[in-house]
Every structure is written in structure tokens, then in C-alpha cells.
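Okay, data_17.txt now, which holds compact mmCIF, C-alpha atoms:
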```txt
# COMPACT_ATOMS: atom_id res chain seq x y z
CA MET R 1205 -9.66 -7.97 4.87
CA LYS R 1206 -13.40 -7.79 5.30
CA ARG R 1207 -15.07 -6.66 8.52
CA PHE R 1208 -18.54 -7.35 9.88
CA ALA R 1209 -19.94 -5.68 12.98
CA PHE R 1210 -23.17 -6.34 14.86
CA ARG R 1211 -24.82 -4.54 17.76
CA ILE R 1212 -26.79 -6.93 20.00
CA THR R 1213 -29.70 -5.82 22.21
CA PRO R 1214 -30.08 -7.39 25.67
CA ARG R 1215 -33.11 -9.66 26.38
CA ASP R 1216 -34.22 -9.52 22.73
CA VAL R 1217 -34.30 -13.30 22.50
CA GLU R 1218 -36.54 -13.31 19.41
CA GLN R 1219 -33.68 -11.75 17.46
CA GLY R 1220 -31.18 -14.26 18.82
CA GLY R 1221 -29.14 -15.89 16.08
CA ILE R 1222 -30.04 -13.46 13.32
CA ALA R 1223 -26.61 -11.79 13.40
CA SER R 1224 -24.72 -15.10 13.42
CA ALA R 1225 -26.88 -16.62 10.67
CA GLN R 1226 -26.25 -13.49 8.57
CA LEU R 1227 -22.54 -13.72 9.32
CA LYS R 1228 -22.38 -17.35 8.20
CA ARG R 1229 -24.25 -16.58 4.97
CA GLU R 1230 -21.95 -13.66 4.16
CA LEU R 1231 -18.85 -15.72 4.90
CA ARG R 1232 -20.04 -18.47 2.55
CA GLU R 1233 -20.90 -15.95 -0.16
CA GLY R 1234 -17.46 -14.45 0.33
CA GLY R 1235 -15.79 -17.78 -0.39
CA VAL R 1236 -15.08 -19.00 3.15
CA SER R 1237 -15.23 -22.83 3.38
CA ALA R 1238 -18.34 -24.47 4.83
CA TYR R 1239 -16.26 -25.83 7.71
CA ASP R 1240 -14.78 -22.46 8.68
CA ALA R 1241 -18.10 -20.64 8.22
CA ARG R 1242 -19.83 -23.16 10.49
CA ARG R 1243 -17.20 -22.72 13.20
CA ALA R 1244 -17.42 -18.93 12.95
CA GLY R 1245 -21.22 -19.14 13.00
CA ILE R 1246 -21.19 -21.24 16.18
CA VAL R 1247 -18.74 -18.88 17.93
CA ALA R 1248 -20.85 -15.88 16.90
CA PHE R 1249 -24.15 -17.55 17.89
CA GLU R 1250 -22.96 -18.39 21.39
CA GLY R 1251 -21.48 -14.91 21.78
CA GLU R 1252 -24.72 -13.37 20.54
CA MET R 1253 -26.81 -15.39 23.00
CA ASN R 1254 -24.46 -14.54 25.85
CA LEU R 1255 -24.97 -10.84 25.12
CA ILE R 1256 -28.75 -11.30 24.98
CA VAL R 1257 -29.03 -13.42 28.13
CA HIS R 1258 -26.29 -12.03 30.36
CA SER R 1259 -25.20 -8.50 29.40
CA GLU R 1260 -26.73 -5.47 31.07
CA ARG R 1261 -26.73 -3.13 28.08
CA GLY R 1262 -26.05 -5.45 25.15
CA GLY R 1263 -22.77 -5.46 23.31
CA THR R 1264 -20.96 -5.87 20.02
CA ILE R 1265 -19.66 -8.65 17.79
CA ALA R 1266 -16.84 -7.66 15.45
CA VAL R 1267 -15.57 -10.11 12.84
CA ASP R 1268 -12.44 -9.60 10.73
CA VAL R 1269 -11.88 -12.02 7.87
CA HIS R 1270 -8.22 -12.31 6.89
CA PRO R 1271 -6.69 -14.60 4.25
CA ASP R 1272 -5.51 -17.04 6.94
CA THR R 1273 -7.75 -16.36 9.93
CA ILE R 1274 -11.19 -15.24 11.06
CA ASP R 1275 -11.02 -13.07 14.19
CA ILE R 1276 -14.18 -12.66 16.29
CA VAL R 1277 -14.41 -10.27 19.23
CA VAL R 1278 -17.51 -10.25 21.46
CA GLU R 1279 -17.60 -7.40 23.95
CA ASP R 1280 -19.93 -5.93 26.56
CA ASP R 1281 -19.68 -3.51 29.48
CA GLY R 1282 -21.14 -5.63 32.24
CA PRO R 1283 -21.82 -7.33 34.53
CA GLY R 1284 -18.52 -9.23 34.05
CA ILE R 1285 -17.55 -12.82 34.88
CA GLY R 1286 -16.23 -13.48 38.40
CA ASP R 1287 -14.62 -16.89 37.82
CA ILE R 1288 -13.61 -17.48 34.19
CA ASP R 1289 -12.42 -21.07 34.74
CA LEU R 1290 -15.79 -21.93 36.28
CA ALA R 1291 -17.64 -20.22 33.42
CA LEU R 1292 -15.65 -22.37 30.97
CA THR R 1293 -16.62 -25.59 32.75
CA PRO R 1294 -19.08 -27.54 30.56
CA GLY R 1295 -22.48 -27.64 32.25
CA TYR R 1296 -21.94 -24.63 34.51
CA SER R 1297 -24.51 -21.89 33.86
CA THR R 1298 -25.86 -18.76 35.49
CA ALA R 1299 -28.66 -18.34 32.94
CA PRO R 1300 -32.01 -17.22 34.40
CA ASN R 1301 -35.11 -19.44 34.28
CA TRP R 1302 -36.67 -17.66 31.33
CA ALA R 1303 -33.63 -18.59 29.24
CA THR R 1304 -33.36 -22.21 30.37
CA GLU R 1305 -37.04 -22.75 29.59
CA LEU R 1306 -36.23 -21.86 25.97
CA GLY R 1307 -33.36 -24.36 25.84
CA PHE R 1308 -30.54 -21.89 26.57
CA GLY R 1309 -28.36 -22.08 29.65
CA ALA R 1310 -26.96 -25.58 29.03
CA GLY R 1311 -23.61 -24.35 30.28
CA MET R 1312 -22.10 -25.07 26.86
CA GLY R 1313 -21.89 -21.56 25.39
CA LEU R 1314 -18.34 -20.59 26.28
CA PRO R 1315 -17.07 -24.19 25.91
CA ASN R 1316 -18.61 -24.29 22.40
CA MET R 1317 -16.88 -21.02 21.55
CA GLN R 1318 -13.56 -22.35 22.82
CA ARG R 1319 -13.92 -25.69 21.03
CA ASN R 1320 -14.57 -24.00 17.70
CA SER R 1321 -11.62 -21.61 18.06
CA ASP R 1322 -7.93 -22.26 17.41
CA HIS R 1323 -6.98 -19.42 19.78
CA PHE R 1324 -9.33 -18.30 22.51
CA GLU R 1325 -9.16 -15.77 25.30
CA ILE R 1326 -11.54 -14.19 27.82
CA ARG R 1327 -10.85 -11.01 29.75
CA SER R 1328 -13.40 -9.88 32.28
CA HIS R 1329 -13.76 -7.58 35.25
CA ILE R 1330 -16.82 -7.43 37.48
CA GLY R 1331 -18.55 -4.11 36.92
CA ARG R 1332 -16.53 -3.31 33.78
CA GLY R 1333 -17.45 -5.99 31.30
CA THR R 1334 -16.24 -8.94 29.29
CA LEU R 1335 -14.19 -9.34 26.12
CA VAL R 1336 -14.08 -12.70 24.35
CA ARG R 1337 -11.58 -13.08 21.53
CA SER R 1338 -11.69 -16.05 19.15
CA ARG R 1339 -9.33 -16.77 16.27
CA ILE R 1340 -10.15 -19.43 13.71
CA ASP R 1341 -7.28 -20.61 11.49
CA ARG R 1342 -8.83 -20.98 8.06
CA ARG R 1343 -8.55 -24.33 6.33
CA GLU R 1344 -8.04 -24.59 2.59
CA GLY R 1345 -10.79 -25.62 0.24
CA PRO R 1346 -14.49 -26.33 0.65
CA LEU R 1347 -14.05 -28.72 3.58
CA THR R 1348 -17.04 -29.67 5.66
CA TYR R 1349 -15.10 -31.78 8.19
CA THR R 1350 -11.50 -32.15 9.30
CA ALA R 1351 -9.81 -35.31 8.02
CA ALA R 1352 -10.23 -36.99 11.42
CA GLU R 1353 -13.93 -36.09 11.57
CA ALA R 1354 -14.45 -37.28 7.99
CA ALA R 1355 -12.78 -40.62 8.77
CA ALA R 1356 -14.86 -41.10 11.93
CA ARG R 1357 -17.98 -40.25 9.99
CA ALA R 1358 -17.17 -42.65 7.17
CA ALA R 1359 -16.58 -45.44 9.71
CA ALA R 1360 -19.85 -44.63 11.48
CA LYS R 1361 -21.69 -44.71 8.14
CA ALA R 1362 -20.15 -48.07 7.20
CA ASN R 1363 -21.28 -49.51 10.53
CA TRP R 1364 -24.53 -47.60 10.61
CA ALA R 1365 -26.86 -50.50 11.23
CA SER R 1366 -24.74 -52.40 13.76
CA ASP R 1367 -23.65 -49.22 15.58
CA LEU R 1368 -27.20 -48.19 16.22
CA GLY R 1369 -28.52 -51.60 17.14
CA VAL R 1370 -30.47 -52.37 14.00
CA VAL R 1371 -30.02 -55.92 12.74
CA PRO R 1372 -29.81 -55.98 8.94
CA GLU R 1373 -32.52 -58.16 7.39
CA GLU R 1374 -30.13 -60.70 5.87
CA LYS R 1375 -28.59 -61.33 9.30
CA ALA R 1376 -31.85 -61.58 11.19
CA SER R 1377 -32.88 -65.09 12.15
CA MET Y 845 -33.52 -40.68 0.96
CA ASN Y 846 -33.91 -36.93 0.87
CA LEU Y 847 -35.85 -34.92 3.40
CA ARG Y 848 -38.98 -34.60 1.29
CA GLU Y 849 -39.18 -38.38 0.86
CA LEU Y 850 -38.54 -38.96 4.57
CA ALA Y 851 -41.20 -36.44 5.57
CA ALA Y 852 -43.72 -38.01 3.17
CA THR Y 853 -42.92 -41.54 4.39
CA LEU Y 854 -43.43 -40.57 8.03
CA GLY Y 855 -46.43 -38.31 7.41
CA TRP Y 856 -45.02 -35.08 8.76
CA ASP Y 857 -46.81 -31.79 8.34
CA VAL Y 858 -44.67 -29.51 6.15
CA GLN Y 859 -44.51 -26.13 7.89
CA SER Y 860 -42.17 -24.35 5.47
CA PRO Y 861 -43.00 -25.58 1.94
CA GLY Y 862 -40.35 -24.95 -0.68
CA ALA Y 863 -37.45 -25.01 1.78
CA GLU Y 864 -36.66 -28.72 1.56
CA PRO Y 865 -33.08 -29.57 0.52
CA GLU Y 866 -32.46 -32.22 -2.17
CA GLY Y 867 -29.47 -33.92 -0.50
CA HIS Y 868 -29.64 -37.21 1.33
CA VAL Y 869 -30.49 -37.14 5.03
CA LEU Y 870 -27.26 -38.31 6.71
CA GLY Y 871 -28.61 -38.97 10.19
CA GLY Y 872 -30.27 -37.20 13.07
CA TYR Y 873 -29.77 -35.33 16.29
CA CYS Y 874 -32.35 -35.27 19.09
CA GLY Y 875 -32.39 -32.80 21.99
CA ASP Y 876 -33.81 -29.54 23.28
CA LEU Y 877 -30.72 -27.82 24.68
CA LEU Y 878 -29.71 -25.39 21.97
CA SER Y 879 -25.97 -25.33 22.65
CA HIS Y 880 -25.86 -29.13 22.49
CA ALA Y 881 -27.65 -29.07 19.14
CA LEU Y 882 -25.25 -26.40 17.94
CA ALA Y 883 -22.26 -28.50 19.01
CA ASN Y 884 -23.46 -31.91 17.85
CA ALA Y 885 -25.96 -31.63 14.98
CA LYS Y 886 -24.01 -32.08 11.75
CA PRO Y 887 -24.65 -30.80 8.22
CA GLY Y 888 -27.19 -32.98 6.45
CA GLU Y 889 -28.80 -34.30 9.63
CA ILE Y 890 -32.37 -33.83 10.82
CA TRP Y 891 -32.89 -32.21 14.25
CA ILE Y 892 -35.70 -33.59 16.41
CA THR Y 893 -36.79 -31.15 19.13
CA ILE Y 894 -39.77 -29.73 21.00
CA GLN Y 895 -38.30 -26.20 20.87
CA HIS Y 896 -40.35 -24.21 18.39
CA HIS Y 897 -39.24 -20.61 18.88
CA ALA Y 898 -37.40 -18.46 16.37
CA ASN Y 899 -33.89 -19.36 17.53
CA ILE Y 900 -34.16 -22.89 16.08
CA VAL Y 901 -34.10 -21.35 12.60
CA ALA Y 902 -30.79 -19.62 13.30
CA ILE Y 903 -29.34 -22.82 14.73
CA ALA Y 904 -30.38 -24.72 11.60
CA GLN Y 905 -28.67 -22.08 9.46
CA VAL Y 906 -25.46 -21.98 11.48
CA THR Y 907 -25.08 -25.77 11.72
CA GLY Y 908 -26.14 -26.48 8.13
CA ILE Y 909 -28.51 -29.27 9.17
CA ALA Y 910 -31.04 -30.57 6.64
CA GLY Y 911 -34.10 -29.52 8.64
CA VAL Y 912 -36.01 -29.52 11.91
CA VAL Y 913 -38.91 -31.75 12.93
CA LEU Y 914 -40.96 -30.56 15.89
CA ALA Y 915 -41.99 -33.46 18.09
CA GLY Y 916 -44.96 -34.14 20.32
CA GLY Y 917 -47.43 -31.96 18.44
CA ALA Y 918 -45.41 -28.76 18.85
CA ARG Y 919 -45.97 -26.27 16.05
CA ALA Y 920 -44.03 -23.17 15.13
CA ALA Y 921 -45.87 -19.84 15.19
CA ASP Y 922 -46.47 -18.05 11.88
CA ALA Y 923 -43.59 -15.62 12.50
CA VAL Y 924 -41.19 -18.53 13.02
CA VAL Y 925 -42.47 -20.27 9.87
CA GLU Y 926 -41.95 -17.07 7.88
CA ARG Y 927 -38.40 -16.80 9.16
CA ALA Y 928 -37.75 -20.44 8.22
CA LYS Y 929 -39.07 -19.87 4.69
CA GLU Y 930 -36.92 -16.76 4.25
CA ALA Y 931 -33.88 -18.63 5.54
CA GLY Y 932 -34.57 -21.74 3.44
CA VAL Y 933 -34.84 -23.94 6.53
CA ALA Y 934 -37.10 -27.00 6.24
CA LEU Y 935 -39.48 -27.14 9.20
CA TYR Y 936 -41.88 -30.02 9.95
CA ALA Y 937 -44.35 -30.92 12.70
CA SER Y 938 -45.32 -34.38 13.93
CA PRO Y 939 -47.67 -35.58 16.65
CA ASP Y 940 -45.17 -38.38 17.47
CA SER Y 941 -43.05 -38.05 20.60
CA ALA Y 942 -39.31 -37.43 20.18
CA PHE Y 943 -38.67 -41.06 21.15
CA VAL Y 944 -41.05 -42.44 18.55
CA LEU Y 945 -39.77 -40.04 15.90
CA CYS Y 946 -36.17 -41.14 16.51
CA GLY Y 947 -37.21 -44.76 16.11
CA LYS Y 948 -39.10 -44.16 12.89
CA ILE Y 949 -36.37 -42.00 11.35
CA HIS Y 950 -33.70 -44.48 12.31
CA ARG Y 951 -35.66 -47.40 10.85
CA ALA Y 952 -36.29 -45.54 7.59
CA LEU Y 953 -32.65 -44.49 7.16
CA ALA Y 954 -31.25 -47.87 8.24
CA ALA Y 955 -33.57 -49.72 5.82
CA GLU Y 956 -32.19 -47.59 3.00
CA ARG Y 957 -28.60 -48.50 3.89
CA ARG Y 958 -29.05 -52.25 3.89
```

Please go through the file and, once you have read it, give me the structure as C-alpha cells.
Amino acid sequence: MKRFAFRITPRDVEQGGIASAQLKRELREGGVSAYDARRAGIVAFEGEMNLIVHSERGGTIAVDVHPDTIDIVVEDDGPGIGDIDLALTPGYSTAPNWATELGFGAGMGLPNMQRNSDHFEIRSHIGRGTLVRSRIDRREGPLTYTAAEAAARAAAKANWASDLGVVPEEKAS
Amino acid sequence: MNLRELAATLGWDVQSPGAEPEGHVLGGYCGDLLSHALANAKPGEIWITIQHHANIVAIAQVTGIAGVVLAGGARAADAVVERAKEAGVALYASPDSAFVLCGKIHRALAAERR
């Protein structure tokens, strides 16, 4: 098992993404597939930005890489999430104006984390903090896409011109 | 068509020389909400955005996209360019609006696939 740990400072938006980009690079160098490393990177990035934008005193990201799974735990000590179901609703956001002006606060952070996890859990108490736990089941080999995604992508490529409304020259009249 | 050829064809200003990947550009993603880019921009695609702060470099790294083109005359500050070079992220600037850029990129890529 290999462990990575990052301490994230609140409001330090300039540093946002540095920890998750470093994590992805180290995972790839350590032999993790591109697909799994991308999923882990997205989970870590959203967790990192949540700590920067929302936490009072920052927090931690701990990543354990096992032979079959990648476990990511993002933790802070406040302010806590009042309604977890609402927070997981795509489009719902409590991000302040300074964050939305930079393109954050789309209300997709927690949904993105959930979507890229095989097991996902949030525990939170107002005034005590939040713990987000993500488990990614590792896929064999250097996959970039799941089989279903690869098939959809191949179909989209085959129909590229017609799908996107461009008439191929030989069919134009 | 790789990113260098696409950038040359469309006359983009190269902000991070030396960071251009050799692989074919597979498509594009356009948008300024970072979580949407993170969720939807795929490896090998070009991201069209007006966001030009440091976080776009991290998003490019995490998603594995081919590069970022800043639309509407936006330009990244020197510190952001330095971070892109260090990270090996191709960064371009264009005076074209995001709409016009999408059209030009689409036409160039579609022409290649005929």
C-alpha cells in the first residue's frame, strides 16, 4: 500500500488543484491506469476546492492506494453541511461570489466526486466538520475509458460530421 | 491533426511553447464552469474557456486534455504560464470569441475526418 497526504489551506485559491495534479502524476508514475488516475484526480480536485472554498481552517486529503482500490478521505473541522442530500443535488451551491466569479460553485463538486467513486459516503455535523470518503475500484490495464464509454466514443467518432451538423463535402449539393 | 498544427492553422498565440502534445486532437469542450469541464472534458480534447487563472492548469492535468485555448482575447498571467510550462500543459490565446473558436475548431477537425 502507498499513502499520500495533503494539507489544504483555506481561501488559497491560487494553490487550488496543485495537490490533486501531483496526486494524479504520482499515481500514473506508480503504475495506476490512466482511467483510475483520472477518476482519483477528479475526486481529489473537487475535495481540494471544497476545502479551499468552504472550510473554516482548511483540511486534509489522505489517499491510500491498494492493489484493488484507491481510498480517498477528505476531512475538515467545519463549518459542516446541514443537508447532505441537498448538497449532493447537481446545481446546488453555497459558494461565495468570489468563487463563482472564478468558475467554481457550479454545484457539481460533490456530484462529481460521487460519480467518479464506486463507493461514496459523507458524514457531517454542523460545527464539527465534514468527512468525505471515496473508494475507487481499480480496473485492470491501461484503460482510458470503460468499455461502454469507449463504444459510445467510437460511435460518436464514426458519426462525427453528421452528429455535429457538418455536411460532408461529397454529400453537399 | 495534432494540437500544434491546429494552433498554427487557426493562428493562436502559443503561451506555453514546448508543452504541445503530439497526439491527435480528438474533439473539444467549451465552458467556463470548472466542475463541468472536469466532468466532461475528455483526454485528447481541447478546452475552450475564458478562465485564465492558475486552476485551469490543474484541471488540464487532472483530465488529461490536450490543451487549453483562452477565448475572447483573455491571456494568462506570467505565473500561470510558468505553471503550465512546468506541468507540460499546452496553453494558447485567441482574440476569437468562444463561439467563433468552436466553429473554427469544429470545421478544421471535421474537414480532416471526411

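Ranking R:Glu1279, R:Glu1250, R:Glu1260, R:Asp1216 by their shortest atom-to-atom distance to Leu1314 (chain R), with all atoms listed in the file included, puts R:Glu1250 first.
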
Once you count only C-alpha atoms, which residues of chain R turn out to be within 6 Å of chain Y? Could you give them as a PDB file with C-alpha atoms, in the coordinates of the input?
```pdb
ATOM      1  CA  GLY R1220     -31.180 -14.260  18.820  1.00  0.00           C
ATOM      2  CA  GLY R1221     -29.140 -15.890  16.080  1.00  0.00           C
ATOM      3  CA  ALA R1225     -26.880 -16.620  10.670  1.00  0.00           C
ATOM      4  CA  ARG R1242     -19.830 -23.160  10.490  1.00  0.00           C
ATOM      5  CA  GLY R1245     -21.220 -19.140  13.000  1.00  0.00           C
ATOM      6  CA  GLY R1307     -33.360 -24.360  25.840  1.00  0.00           C
ATOM      7  CA  PHE R1308     -30.540 -21.890  26.570  1.00  0.00           C
ATOM      8  CA  MET R1312     -22.100 -25.070  26.860  1.00  0.00           C
ATOM      9  CA  ALA R1365     -26.860 -50.500  11.230  1.00  0.00           C
TER      10      ALA R1365
END
```

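Those residues that approach region 1332-1339 of chain R to within 7 Å, counting only C-alpha atoms, are Thr1273, Ile1274, Asp1275, Ile1276, Val1277, Val1278, Glu1279, Asp1280, Asp1281, Gly1282, Pro1283, Gly1284, Ile1285, Ser1321, Asp1322, His1323, Phe1324, Glu1325, Ile1326, Arg1327, Ser1328, His1329, Ile1330 and Asp1341 of chain R; same-chain residues fewer than 2 positions away are not listed.
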
Distance query Gln859 (chain Y) at most 7 Å, only C-alpha atoms, self and fewer than 3 positions along chain excluded, as a PyMOL selection string: chain Y and resi 925+935-937

Length of the CA of Met1317 (chain R) to CA of Ala920 (chain Y) vector [Å]: 28.0 Å

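Of the residues under consideration (R:Ile1340, R:Gln1226, R:Tyr1296, R:Thr1213), R:Ile1340 shows the shortest atom-to-atom contact distance to Ala1244 (chain R) when counting all atoms listed in the file.
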
Top pick for closest residue to Val1217 (chain R), considering R:Leu1292, R:Ile1265, R:Leu1231, R:Leu1306 and counting only C-alpha atoms: R:Leu1306

Non-local contacts of Gly855 (chain Y) (12 Å; only C-alpha atoms; under 6 positions in same chain excluded) as a list of chain:residue names: Y:Leu847, Y:Arg848, Y:Glu849, Y:Val913, Y:Tyr936, Y:Ala937, Y:Ser938, Y:Pro939, Y:Asp940, Y:Leu945, Y:Lys948, Y:Ile949

Straight-line distance linking CA of Ser941 (chain Y) with CA of Ala851 (chain Y), stated in Å to one decimal: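 Distance reported for this atom pair: 15.2 Å.
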
Between CA of Pro1294 (chain R) and CA of Gly1313 (chain R), distance in Å (one decimal):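 Computing it gives 8.4 Å between the two atoms.
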
Nearest-residue call for Met845 (chain Y), choices Y:Cys946, Y:Ala952, Y:Ala928, Y:Ala885, using all atoms listed in the file: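 Result for the nearest residue to Met845 (chain Y): Y:Ala952.
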
Where is the centre and how long are the edges: axis-aligned box on region 938-945 of chain Y, 3 Å on each side, Å to one decimal, as JSON:
```
{"center_x": -43.2, "center_y": -38.4, "center_z": 17.5, "size_x": 15.0, "size_y": 14.1, "size_z": 13.2}
```

Long-range neighbours of Glu889 (chain Y) as a PyMOL selection string, 9 Å cut-off, only C-alpha atoms, 5 positions minimum in chain: chain Y and resi 868-873+908-912
